[in-house]
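As stored in start28.pdb (PDB, C-alpha atoms):
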MODEL        1
ATOM      1  CA  MET A   1      -1.476 -10.320 -21.850
ATOM      2  CA  LEU A   2      -2.480  -6.826 -20.768
ATOM      3  CA  SER A   3      -0.069  -4.551 -18.955
ATOM      4  CA  PRO A   4      -0.770  -3.156 -15.462
ATOM      5  CA  ILE A   5      -1.699   0.217 -17.002
ATOM      6  CA  THR A   6      -4.517  -1.456 -18.928
ATOM      7  CA  LEU A   7      -5.719  -3.729 -16.123
ATOM      8  CA  ALA A   8      -9.048  -1.933 -15.903
ATOM      9  CA  LEU A   9      -9.705  -1.551 -19.620
ATOM     10  CA  SER A  10     -13.102  -2.666 -20.834
ATOM     11  CA  PRO A  11     -13.113  -5.023 -23.853
ATOM     12  CA  LYS A  12     -14.091  -2.253 -26.254
ATOM     13  CA  ASP A  13     -11.145  -0.124 -25.091
ATOM     14  CA  ALA A  14      -8.589  -2.949 -25.258
ATOM     15  CA  PRO A  15      -5.868  -2.763 -27.905
ATOM     16  CA  ALA A  16      -6.647  -4.363 -31.230
ATOM     17  CA  SER A  17      -3.602  -6.614 -30.985
ATOM     18  CA  ASN A  18      -1.985  -7.765 -27.764
ATOM     19  CA  PRO A  19       1.793  -7.855 -27.263
ATOM     20  CA  PRO A  20       3.444 -11.285 -26.999
ATOM     21  CA  ALA A  21       2.240 -13.183 -23.937
ATOM     22  CA  LEU A  22       4.549 -12.903 -20.941
ATOM     23  CA  SER A  23       5.362 -15.876 -18.777
ATOM     24  CA  LYS A  24       4.015 -15.990 -15.227
ATOM     25  CA  GLY A  25       7.560 -15.601 -13.924
ATOM     26  CA  VAL A  26       8.031 -12.358 -15.853
ATOM     27  CA  ILE A  27       4.632 -11.076 -14.693
ATOM     28  CA  PHE A  28       5.379 -11.696 -11.013
ATOM     29  CA  ALA A  29       9.007 -10.493 -11.244
ATOM     30  CA  SER A  30       8.186  -7.259 -13.085
ATOM     31  CA  SER A  31       5.335  -6.519 -10.673
ATOM     32  CA  GLY A  32       7.587  -7.045  -7.659
ATOM     33  CA  LEU A  33      10.496  -5.051  -9.079
ATOM     34  CA  GLY A  34       8.189  -2.241 -10.144
ATOM     35  CA  GLY A  35       6.667  -2.153  -6.674
ATOM     36  CA  MET A  36      10.091  -2.070  -5.028
ATOM     37  CA  LEU A  37      11.396   0.773  -7.199
ATOM     38  CA  GLY A  38       8.144   2.688  -6.847
ATOM     39  CA  TRP A  39       8.278   2.340  -3.068
ATOM     40  CA  THR A  40      11.719   3.931  -2.837
ATOM     41  CA  ILE A  41      10.104   7.072  -4.294
ATOM     42  CA  VAL A  42       7.132   7.272  -1.911
ATOM     43  CA  HIS A  43       8.637   5.839   1.300
ATOM     44  CA  PRO A  44       9.292   9.283   2.839
ATOM     45  CA  ALA A  45       5.588  10.135   2.403
ATOM     46  CA  ASN A  46       4.669   6.855   4.096
ATOM     47  CA  THR A  47       6.987   7.553   7.027
ATOM     48  CA  ILE A  48       5.464  10.999   7.539
ATOM     49  CA  ALA A  49       1.935   9.569   7.254
ATOM     50  CA  VAL A  50       2.639   6.859   9.849
ATOM     51  CA  ARG A  51       4.235   9.284  12.314
ATOM     52  CA  TRP A  52       1.523  11.882  11.861
ATOM     53  CA  ASN A  53      -1.179   9.259  12.271
ATOM     54  CA  LEU A  54       0.344   7.750  15.420
ATOM     55  CA  ALA A  55       1.302  11.049  17.091
ATOM     56  CA  SER A  56      -2.085  11.436  18.802
ATOM     57  CA  MET A  57      -1.816   7.878  20.161
ATOM     58  CA  GLN A  58       1.315   9.073  21.960
ATOM     59  CA  GLY A  59      -0.452  12.205  23.201
ATOM     60  CA  LYS A  60       1.572  14.464  20.901
ATOM     61  CA  LYS A  61       0.791  16.923  18.133
ATOM     62  CA  PHE A  62       2.669  16.154  14.938
ATOM     63  CA  SER A  63       5.058  18.757  13.521
ATOM     64  CA  PHE A  64       7.173  18.103  10.450
ATOM     65  CA  ASN A  65       9.788  20.651  11.552
ATOM     66  CA  GLY A  66       9.817  19.097  15.002
ATOM     67  CA  MET A  67      10.285  15.644  13.513
ATOM     68  CA  ILE A  68      13.261  16.794  11.441
ATOM     69  CA  LYS A  69      14.776  18.664  14.380
ATOM     70  CA  GLU A  70      14.414  15.637  16.647
ATOM     71  CA  SER A  71      15.344  12.822  14.264
ATOM     72  CA  GLY A  72      17.075  14.420  11.244
ATOM     73  CA  TRP A  73      16.260  14.372   7.543
ATOM     74  CA  MET A  74      17.410  10.802   7.002
ATOM     75  CA  SER A  75      14.806   9.578   9.484
ATOM     76  CA  ILE A  76      12.169   9.833   6.756
ATOM     77  CA  TYR A  77      13.854   6.748   5.303
ATOM     78  CA  ASP A  78      13.517   4.741   8.527
ATOM     79  CA  GLY A  79      12.068   1.354   7.635
ATOM     80  CA  LEU A  80      12.947   1.620   3.939
ATOM     81  CA  SER A  81      14.460  -1.872   3.878
ATOM     82  CA  ALA A  82      11.257  -3.363   5.303
ATOM     83  CA  GLY A  83       9.138  -1.299   2.904
ATOM     84  CA  VAL A  84      11.078  -2.480  -0.138
ATOM     85  CA  LEU A  85      11.016  -6.100   1.084
ATOM     86  CA  ARG A  86       7.265  -5.791   1.651
ATOM     87  CA  GLN A  87       6.827  -4.999  -2.033
ATOM     88  CA  VAL A  88       8.568  -8.264  -2.946
ATOM     89  CA  PHE A  89       5.578 -10.042  -1.425
ATOM     90  CA  TYR A  90       2.794  -7.465  -1.816
ATOM     91  CA  ALA A  91       3.276  -6.011  -5.287
ATOM     92  CA  SER A  92       4.358  -9.253  -6.947
ATOM     93  CA  SER A  93       1.469 -11.250  -5.474
ATOM     94  CA  ARG A  94      -1.129  -8.511  -5.824
ATOM     95  CA  PHE A  95      -0.595  -7.756  -9.513
ATOM     96  CA  GLY A  96       0.784 -11.156 -10.452
ATOM     97  CA  LEU A  97      -2.199 -12.956  -8.917
ATOM     98  CA  PHE A  98      -4.590 -10.420 -10.450
ATOM     99  CA  GLU A  99      -3.396 -11.162 -13.963
ATOM    100  CA  THR A 100      -3.219 -14.918 -13.291
ATOM    101  CA  PHE A 101      -6.764 -15.088 -11.855
ATOM    102  CA  ARG A 102      -8.123 -12.763 -14.537
ATOM    103  CA  ASP A 103      -6.708 -14.863 -17.365
ATOM    104  CA  LYS A 104      -7.891 -18.127 -15.792
ATOM    105  CA  LEU A 105     -11.388 -16.740 -15.315
ATOM    106  CA  HIS A 106     -11.377 -15.592 -18.931
ATOM    107  CA  GLU A 107     -10.529 -19.133 -20.031
ATOM    108  CA  ILE A 108     -13.447 -20.507 -18.022
ATOM    109  CA  ARG A 109     -16.061 -17.874 -18.845
ATOM    110  CA  GLY A 110     -14.859 -16.692 -22.222
ATOM    111  CA  LYS A 111     -14.966 -13.055 -21.122
ATOM    112  CA  THR A 112     -13.597 -10.658 -18.502
ATOM    113  CA  ASP A 113     -16.188  -8.069 -17.560
ATOM    114  CA  PHE A 114     -16.087  -5.137 -15.162
ATOM    115  CA  ALA A 115     -17.602  -7.057 -12.237
ATOM    116  CA  SER A 116     -15.021  -9.817 -12.636
ATOM    117  CA  ARG A 117     -12.139  -7.349 -12.504
ATOM    118  CA  VAL A 118     -13.558  -5.665  -9.389
ATOM    119  CA  GLY A 119     -14.045  -9.010  -7.625
ATOM    120  CA  ILE A 120     -10.619 -10.302  -8.592
ATOM    121  CA  GLY A 121      -9.050  -6.988  -7.539
ATOM    122  CA  ALA A 122     -10.591  -7.290  -4.069
ATOM    123  CA  ILE A 123      -9.651 -10.957  -3.591
ATOM    124  CA  THR A 124      -6.057 -10.695  -4.825
ATOM    125  CA  GLY A 125      -5.519  -7.456  -2.891
ATOM    126  CA  GLY A 126      -6.608  -9.173   0.320
ATOM    127  CA  ILE A 127      -4.429 -12.235  -0.329
ATOM    128  CA  ALA A 128      -1.385 -10.076  -1.061
ATOM    129  CA  ALA A 129      -1.935  -8.032   2.097
ATOM    130  CA  TYR A 130      -2.165 -11.113   4.313
ATOM    131  CA  ILE A 131       1.009 -12.580   2.805
ATOM    132  CA  SER A 132       2.955  -9.354   3.334
ATOM    133  CA  CYS A 133       1.550  -8.444   6.759
ATOM    134  CA  PRO A 134       4.796  -9.320   8.668
ATOM    135  CA  MET A 135       6.691  -6.798   6.553
ATOM    136  CA  GLU A 136       3.939  -4.218   7.099
ATOM    137  CA  VAL A 137       4.352  -4.577  10.857
ATOM    138  CA  ALA A 138       8.101  -4.082  10.427
ATOM    139  CA  VAL A 139       7.560  -0.967   8.266
ATOM    140  CA  VAL A 140       5.212   0.667  10.794
ATOM    141  CA  ARG A 141       7.439  -0.065  13.782
ATOM    142  CA  MET A 142      10.722   0.949  12.164
ATOM    143  CA  SER A 143       9.221   4.110  10.642
ATOM    144  CA  ASN A 144       7.829   5.338  13.959
ATOM    145  CA  ASP A 145      10.353   4.064  16.501
ATOM    146  CA  SER A 146      12.543   7.173  16.670
ATOM    147  CA  THR A 147       9.545   9.347  17.596
ATOM    148  CA  LEU A 148       8.806   7.362  20.761
ATOM    149  CA  PRO A 149      10.148   8.372  24.185
ATOM    150  CA  PRO A 150      13.635   6.877  24.648
ATOM    151  CA  ASP A 151      12.453   4.346  27.252
ATOM    152  CA  GLU A 152       9.692   3.071  24.914
ATOM    153  CA  ARG A 153      11.771   2.656  21.758
ATOM    154  CA  ARG A 154      12.434  -0.813  20.446
ATOM    155  CA  ASN A 155      15.650   0.321  18.694
ATOM    156  CA  TYR A 156      15.487  -2.210  15.910
ATOM    157  CA  LYS A 157      18.715  -2.573  13.933
ATOM    158  CA  GLY A 158      17.054  -3.755  10.722
ATOM    159  CA  VAL A 159      14.468  -6.091   9.226
ATOM    160  CA  THR A 160      16.275  -9.220  10.465
ATOM    161  CA  ASP A 161      16.408  -7.799  13.985
ATOM    162  CA  VAL A 162      12.669  -7.047  13.851
ATOM    163  CA  ALA A 163      11.930 -10.627  12.805
ATOM    164  CA  LYS A 164      14.103 -12.187  15.515
ATOM    165  CA  ARG A 165      12.851  -9.962  18.336
ATOM    166  CA  VAL A 166       9.167 -10.116  17.456
ATOM    167  CA  ILE A 167       9.298 -13.932  17.400
ATOM    168  CA  LYS A 168      11.262 -14.058  20.655
ATOM    169  CA  GLU A 169       9.470 -11.308  22.594
ATOM    170  CA  GLU A 170       5.898 -11.434  21.282
ATOM    171  CA  GLY A 171       5.411 -14.623  19.284
ATOM    172  CA  VAL A 172       4.971 -15.232  15.568
ATOM    173  CA  MET A 173       1.321 -14.142  15.534
ATOM    174  CA  ALA A 174       2.375 -10.591  16.466
ATOM    175  CA  PHE A 175       3.360 -10.239  12.818
ATOM    176  CA  TRP A 176      -0.332 -10.400  11.930
ATOM    177  CA  ARG A 177      -1.518  -7.737  14.352
ATOM    178  CA  GLY A 178      -3.448  -5.341  12.201
ATOM    179  CA  SER A 179      -3.894  -7.942   9.468
ATOM    180  CA  THR A 180      -7.686  -7.551   9.430
ATOM    181  CA  PRO A 181      -7.735  -3.807   8.641
ATOM    182  CA  PHE A 182      -4.723  -4.264   6.349
ATOM    183  CA  VAL A 183      -6.518  -6.966   4.341
ATOM    184  CA  ALA A 184      -9.760  -4.959   4.300
ATOM    185  CA  ARG A 185      -7.903  -1.859   3.151
ATOM    186  CA  ALA A 186      -6.096  -3.765   0.383
ATOM    187  CA  ALA A 187      -9.382  -5.285  -0.814
ATOM    188  CA  MET A 188     -10.967  -1.824  -0.953
ATOM    189  CA  VAL A 189      -7.964  -0.433  -2.828
ATOM    190  CA  GLY A 190      -8.325  -3.248  -5.348
ATOM    191  CA  VAL A 191     -12.000  -2.433  -5.844
ATOM    192  CA  PHE A 192     -11.611   1.344  -6.055
ATOM    193  CA  GLN A 193      -8.524   1.208  -8.246
ATOM    194  CA  VAL A 194     -10.074  -1.158 -10.762
ATOM    195  CA  ALA A 195     -13.431   0.598 -10.595
ATOM    196  CA  THR A 196     -12.196   4.162 -11.082
ATOM    197  CA  LEU A 197      -8.772   4.204 -12.753
ATOM    198  CA  ASP A 198      -9.918   3.583 -16.302
ATOM    199  CA  GLN A 199     -12.915   5.878 -15.959
ATOM    200  CA  PHE A 200     -10.629   8.746 -15.018
ATOM    201  CA  LYS A 201      -8.244   7.908 -17.858
ATOM    202  CA  GLY A 202     -11.150   8.279 -20.268
ATOM    203  CA  MET A 203     -12.313  11.515 -18.649
ATOM    204  CA  TYR A 204      -8.887  13.146 -18.809
ATOM    205  CA  ALA A 205      -8.390  11.951 -22.380
ATOM    206  CA  SER A 206     -11.644  13.687 -23.284
ATOM    207  CA  TRP A 207     -11.274  16.838 -21.161
ATOM    208  CA  LEU A 208      -7.561  17.515 -21.623
ATOM    209  CA  GLY A 209      -6.962  15.888 -25.005
ATOM    210  CA  GLN A 210      -4.495  13.413 -23.511
ATOM    211  CA  LYS A 211      -3.586  10.182 -25.252
ATOM    212  CA  LYS A 212      -5.125   7.389 -23.226
ATOM    213  CA  ASN A 213      -2.553   5.317 -21.289
ATOM    214  CA  SER A 214       0.178   7.902 -21.913
ATOM    215  CA  ILE A 215       2.284   8.838 -18.888
ATOM    216  CA  PRO A 216       0.441  12.197 -18.317
ATOM    217  CA  ASN A 217      -2.894  10.411 -18.647
ATOM    218  CA  VAL A 218      -1.924   7.642 -16.200
ATOM    219  CA  PHE A 219      -0.510  10.233 -13.771
ATOM    220  CA  CYS A 220      -3.691  12.344 -13.696
ATOM    221  CA  ALA A 221      -5.990   9.314 -13.483
ATOM    222  CA  ALA A 222      -3.931   7.551 -10.809
ATOM    223  CA  MET A 223      -3.717  10.642  -8.594
ATOM    224  CA  THR A 224      -7.482  11.185  -8.857
ATOM    225  CA  SER A 225      -8.240   7.506  -8.265
ATOM    226  CA  GLY A 226      -5.761   7.574  -5.383
ATOM    227  CA  LEU A 227      -7.617  10.498  -3.794
ATOM    228  CA  ILE A 228     -10.873   8.559  -3.777
ATOM    229  CA  TYR A 229      -9.503   5.363  -2.295
ATOM    230  CA  SER A 230      -7.321   7.293   0.164
ATOM    231  CA  ILE A 231     -10.442   8.916   1.595
ATOM    232  CA  ALA A 232     -12.203   5.552   1.718
ATOM    233  CA  THR A 233      -9.341   3.565   3.265
ATOM    234  CA  MET A 234      -7.621   6.040   5.625
ATOM    235  CA  PRO A 235      -9.575   4.875   8.736
ATOM    236  CA  LEU A 236      -8.489   1.296   8.003
ATOM    237  CA  GLU A 237      -4.895   2.465   7.511
ATOM    238  CA  ALA A 238      -5.046   4.266  10.864
ATOM    239  CA  SER A 239      -6.415   1.131  12.548
ATOM    240  CA  LYS A 240      -3.695  -1.003  10.991
ATOM    241  CA  ASN A 241      -0.950   1.400  12.141
ATOM    242  CA  ARG A 242      -2.157   1.402  15.730
ATOM    243  CA  MET A 243      -2.665  -2.358  15.898
ATOM    244  CA  ALA A 244       0.746  -3.039  14.340
ATOM    245  CA  SER A 245       2.695  -0.667  16.608
ATOM    246  CA  GLN A 246       0.884  -1.170  19.939
ATOM    247  CA  LYS A 247       2.310  -2.609  23.133
ATOM    248  CA  PRO A 248       0.388  -4.454  25.876
ATOM    249  CA  ASP A 249      -0.632  -2.471  28.941
ATOM    250  CA  PRO A 250       2.279  -2.911  31.406
ATOM    251  CA  LYS A 251      -0.129  -3.628  34.304
ATOM    252  CA  THR A 252      -2.829  -5.774  32.707
ATOM    253  CA  GLY A 253      -0.972  -7.148  29.677
ATOM    254  CA  VAL A 254      -4.010  -6.331  27.544
ATOM    255  CA  LEU A 255      -3.575  -4.829  24.075
ATOM    256  CA  PRO A 256      -5.473  -1.539  23.656
ATOM    257  CA  TYR A 257      -6.550  -2.273  20.062
ATOM    258  CA  ARG A 258      -8.032  -5.702  19.321
ATOM    259  CA  SER A 259     -10.229  -5.437  16.205
ATOM    260  CA  ILE A 260     -11.184  -3.031  13.427
ATOM    261  CA  PHE A 261     -14.465  -1.906  14.945
ATOM    262  CA  GLN A 262     -13.117  -1.723  18.489
ATOM    263  CA  THR A 263     -10.169   0.386  17.249
ATOM    264  CA  LEU A 264     -12.359   2.688  15.165
ATOM    265  CA  SER A 265     -14.787   3.119  18.070
ATOM    266  CA  LYS A 266     -12.067   3.681  20.675
ATOM    267  CA  VAL A 267     -10.169   6.257  18.599
ATOM    268  CA  SER A 268     -13.369   8.089  17.663
ATOM    269  CA  ALA A 269     -14.509   8.184  21.301
ATOM    270  CA  ASP A 270     -11.134   9.129  22.806
ATOM    271  CA  GLU A 271      -9.725  11.477  20.148
ATOM    272  CA  GLY A 272     -12.547  12.248  17.736
ATOM    273  CA  PHE A 273     -13.356  10.649  14.373
ATOM    274  CA  LEU A 274     -11.048  12.987  12.453
ATOM    275  CA  ALA A 275      -8.075  11.573  14.374
ATOM    276  CA  LEU A 276      -8.388   8.598  12.002
ATOM    277  CA  TYR A 277      -7.455  10.991   9.176
ATOM    278  CA  ASN A 278      -4.296  12.359  10.811
ATOM    279  CA  GLY A 279      -1.582  12.217   8.152
ATOM    280  CA  PHE A 280      -4.040  12.112   5.256
ATOM    281  CA  ILE A 281      -2.053  14.337   2.878
ATOM    282  CA  PRO A 282       1.176  12.270   2.949
ATOM    283  CA  TYR A 283      -0.938   9.095   2.897
ATOM    284  CA  TYR A 284      -2.615  10.306  -0.289
ATOM    285  CA  MET A 285       0.749  11.214  -1.806
ATOM    286  CA  ARG A 286       1.949   7.710  -0.997
ATOM    287  CA  CYS A 287      -1.143   6.030  -2.520
ATOM    288  CA  GLY A 288      -1.319   8.080  -5.710
ATOM    289  CA  GLY A 289       2.448   8.359  -6.078
ATOM    290  CA  HIS A 290       3.050   4.630  -5.726
ATOM    291  CA  THR A 291       0.289   3.803  -8.196
ATOM    292  CA  VAL A 292       1.794   6.148 -10.795
ATOM    293  CA  SER A 293       5.429   5.174 -10.288
ATOM    294  CA  MET A 294       4.788   1.433 -10.067
ATOM    295  CA  PHE A 295       2.522   1.212 -13.109
ATOM    296  CA  ILE A 296       4.933   3.233 -15.235
ATOM    297  CA  ILE A 297       8.011   1.298 -14.073
ATOM    298  CA  VAL A 298       6.310  -2.064 -14.622
ATOM    299  CA  GLN A 299       5.226  -0.989 -18.100
ATOM    300  CA  ILE A 300       8.787   0.091 -18.963
ATOM    301  CA  LEU A 301      10.211  -3.202 -17.653
ATOM    302  CA  ARG A 302       7.743  -5.288 -19.637
ATOM    303  CA  ASP A 303       8.182  -3.233 -22.800
ATOM    304  CA  TYR A 304      11.948  -3.634 -22.492
ATOM    305  CA  TYR A 305      11.639  -7.367 -21.909
ATOM    306  CA  THR A 306       9.273  -7.773 -24.879
ATOM    307  CA  GLN A 307      11.563  -5.767 -27.135
ATOM    308  CA  PHE A 308      14.890  -7.363 -26.258
ATOM    309  CA  ALA A 309      14.183 -10.754 -24.673
ATOM    310  CA  VAL A 310      11.164 -12.133 -26.508
TER     311      VAL A 310
ENDMDL
END
Translate the structure of the given file into structure tokens.
Amino acid sequence: MLSPITLALSPKDAPASNPPALSKGVIFASSGLGGMLGWTIVHPANTIAVRWNLASMQGKKFSFNGMIKESGWMSIYDGLSAGVLRQVFYASSRFGLFETFRDKLHEIRGKTDFASRVGIGAITGGIAAYISCPMEVAVVRMSNDSTLPPDERRNYKGVTDVAKRVIKEEGVMAFWRGSTPFVARAAMVGVFQVATLDQFKGMYASWLGQKKNSIPNVFCAAMTSGLIYSIATMPLEASKNRMASQKPDPKTGVLPYRSIFQTLSKVSADEGFLALYNGFIPYYMRCGGHTVSMFIIVQILRDYYTQFAV
């Protein structure tokens, strides 16, 4: 059973001897716990990215100093509970399903090639995103609520309050607003991460003399891979944020953002295409930072389990 850090390894790069096989329960649990711990590190970057991205929707220009002055330093942790809970569903299913599907496909085909890993990465990323979409809606709303005008704030008290009020006020399906761009983004992340992470690990090992799969090597490769898929997926992230946080027009009751292409077209026409990249820097820090922290934490957890529990 390969670790998350070696998910994208080609057969010739794989270790000569694998560590003892981990049970599916350990795979899913370590993935989820690693995702949760990793998210606590990058959540402030996500909050800043969401607020920066949605500022133009509110007709405002984002200012970090203004945000801190208005809401305080602790506001960058708004929505942390929903973000951590999201990882219970997203990280555990994304990486747990990846390894499960990969191993099953290997049993059937007798090999696991590059194309298989890319395809599985896209499929499992999309499944994980759809499962965790309710928590994503909660993260976006709780992270951005304090920046809204007082009369437009929802003033959620926590994740449970979000769940109760969304069901009561908007219906269960409101939890899946933005699910299409969220699923598409997750599928693209799966493809780009699998397709580029190992290539960059090899490049940095060659250029900088790093030991492949060491922490410095994983850090450099993950941040570079994260840059590529952040550029590719930021418009989808922007669409998801707007669709998840929107309210119906008070006069017509019509939602302003109804699909990926309609949202992308409307934002580009009303605010310019680059408005879709508002908040790119903190979004990139979130993507690369979470990849690094999660992979390293999961590897430590699995190494510890193998050493002391197996």
**OP:** Counting all atoms listed in the file, figure out which residue out of A:Ala174, A:Leu208, A:Leu236, A:Ile123 gets nearest to Cys220 (chain A).
**Re:** A:Leu208
**OP:** Please check which residues have atoms at most 12 Å from (0.5, 12.4, 18.1) in the file's coordinates, counting all atoms listed in the file, and write them as a ChimeraX atom specification.
**Re:** /A:48-64,66-67,144,147-148,242,271,275-276,278-279
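The two atoms in question, CA of Ser293 (chain A) and CA of Ser31 (chain A), are spaced 11.7 Å apart.
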Original post:
Could you write out as a list of chain:residue names the residues that the PyMOL selection byres ((chain A and resi 202) around 12) matches in the shown file?
Top reply: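 Output from the PyMOL selection byres ((chain A and resi 202) around 12), applied to this file: A:Thr6, A:Ala8, A:Leu9, A:Ser10, A:Asp13, A:Thr196, A:Leu197, A:Asp198, A:Gln199, A:Phe200, A:Lys201, A:Met203, A:Tyr204, A:Ala205, A:Ser206, A:Trp207, A:Leu208, A:Gly209, A:Gln210, A:Lys211, A:Lys212, A:Asn213, A:Ser214, A:Asn217, A:Val218, A:Cys220, A:Ala221, A:Ala222.
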**OP:** Write out as a list in words which residues come within 10 Å of Arg154 (chain A) when counting all atoms listed in the file, dropping same-chain ones fewer than 5 positions away.
**Re:** Arg141, Met142, Asp145, Ser146, Leu148, Val162 and Arg165 of chain A
Original post:
What's the 12 Å shell around Phe273 (chain A), counting all atoms listed in the file, without same-chain residues fewer than 2 positions away, as a PyMOL selection string?
Top reply: chain A and resi 234-235+238-239+263-271+275-278
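Nearest to Ser75 (chain A) of all the residues A:Arg109, A:His290, A:Lys164, A:His43 is A:His43, based on all atoms listed in the file.
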**OP:** Considering all atoms listed in the file, return as a VMD selection string whatever protein or nucleic-acid residues lie within 9 Å of Trp39 (chain A), sequence-local ones (same chain, fewer than 2 positions apart) excluded.
**Re:** chain A and resid 34 to 37 41 to 43 80 83 to 84 87 286 289 to 290 293 to 294
**OP:** Name all residues at most 10 Å from region 181-189 of chain A (count all atoms listed in the file; drop same-chain ones fewer than 2 positions away) and give them as a ChimeraX atom specification.
**Re:** /A:90,94,118-133,136,176-179,191-195,225-226,228-230,232-241,243-244,259-261,263,287
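Compared by their closest atoms to Val298 (chain A), and using only C-alpha atoms, the residues A:Gly253, A:Gly72, A:Pro44, A:Gly96 rank with A:Gly96 nearest.
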Subject >> Atom pair CA of Val139 (chain A) / CA of Ile296 (chain A): separation (Å) >> reply: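 For CA of Val139 (chain A) relative to CA of Ile296 (chain A), the distance reads 24.0 Å.
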Subject >> Pairwise distance for CA of Tyr156 (chain A) and CA of Ser93 (chain A), rounded to one decimal in Å >> reply: 27.1 Å
Enclosing box along x, y and z for every listed atom of region 139-147 of chain A, padded 8 Å each side, centre and size in Å, one decimal, as AutoDock Vina command-line options:
--center_x 8.9 --center_y 4.2 --center_z 12.9 --size_x 23.3 --size_y 26.3 --size_z 25.3
**OP:** Would you translate the PyMOL selection byres ((chain A and resi 305) around 12) into the concrete set of residues it matches in this file, as a list in words?
**Re:**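 Applying the PyMOL selection byres ((chain A and resi 305) around 12) to the structure shown produces Pro19, Pro20, Ala21, Leu22, Ser23, Val26, Ile27, Ala29, Ser30, Val298, Gln299, Ile300, Leu301, Arg302, Asp303, Tyr304, Thr306, Gln307, Phe308, Ala309 and Val310 of chain A.
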Original post:
Counting only C-alpha atoms, what is within 12 Å of Asp103 (chain A), bar same-chain residues fewer than 5 positions away, as a list in words?
Top reply: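 Counting only C-alpha atoms, the residues come to Met1, Leu2, Leu7, Ala21, Leu22, Lys24, Gly96, Leu97, Phe98, Ile108, Arg109, Gly110, Lys111, Thr112, Asp113, Ser116, Arg117 and Ile120 of chain A.
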**OP:** Identify which of the residues A:Tyr77, A:Phe175, A:Phe219, A:Tyr257 lies closest to Ala45 (chain A), counting all atoms listed in the file when measuring atom-to-atom distances.
**Re:**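 For Ala45 (chain A), the nearest of the candidates is A:Tyr77.
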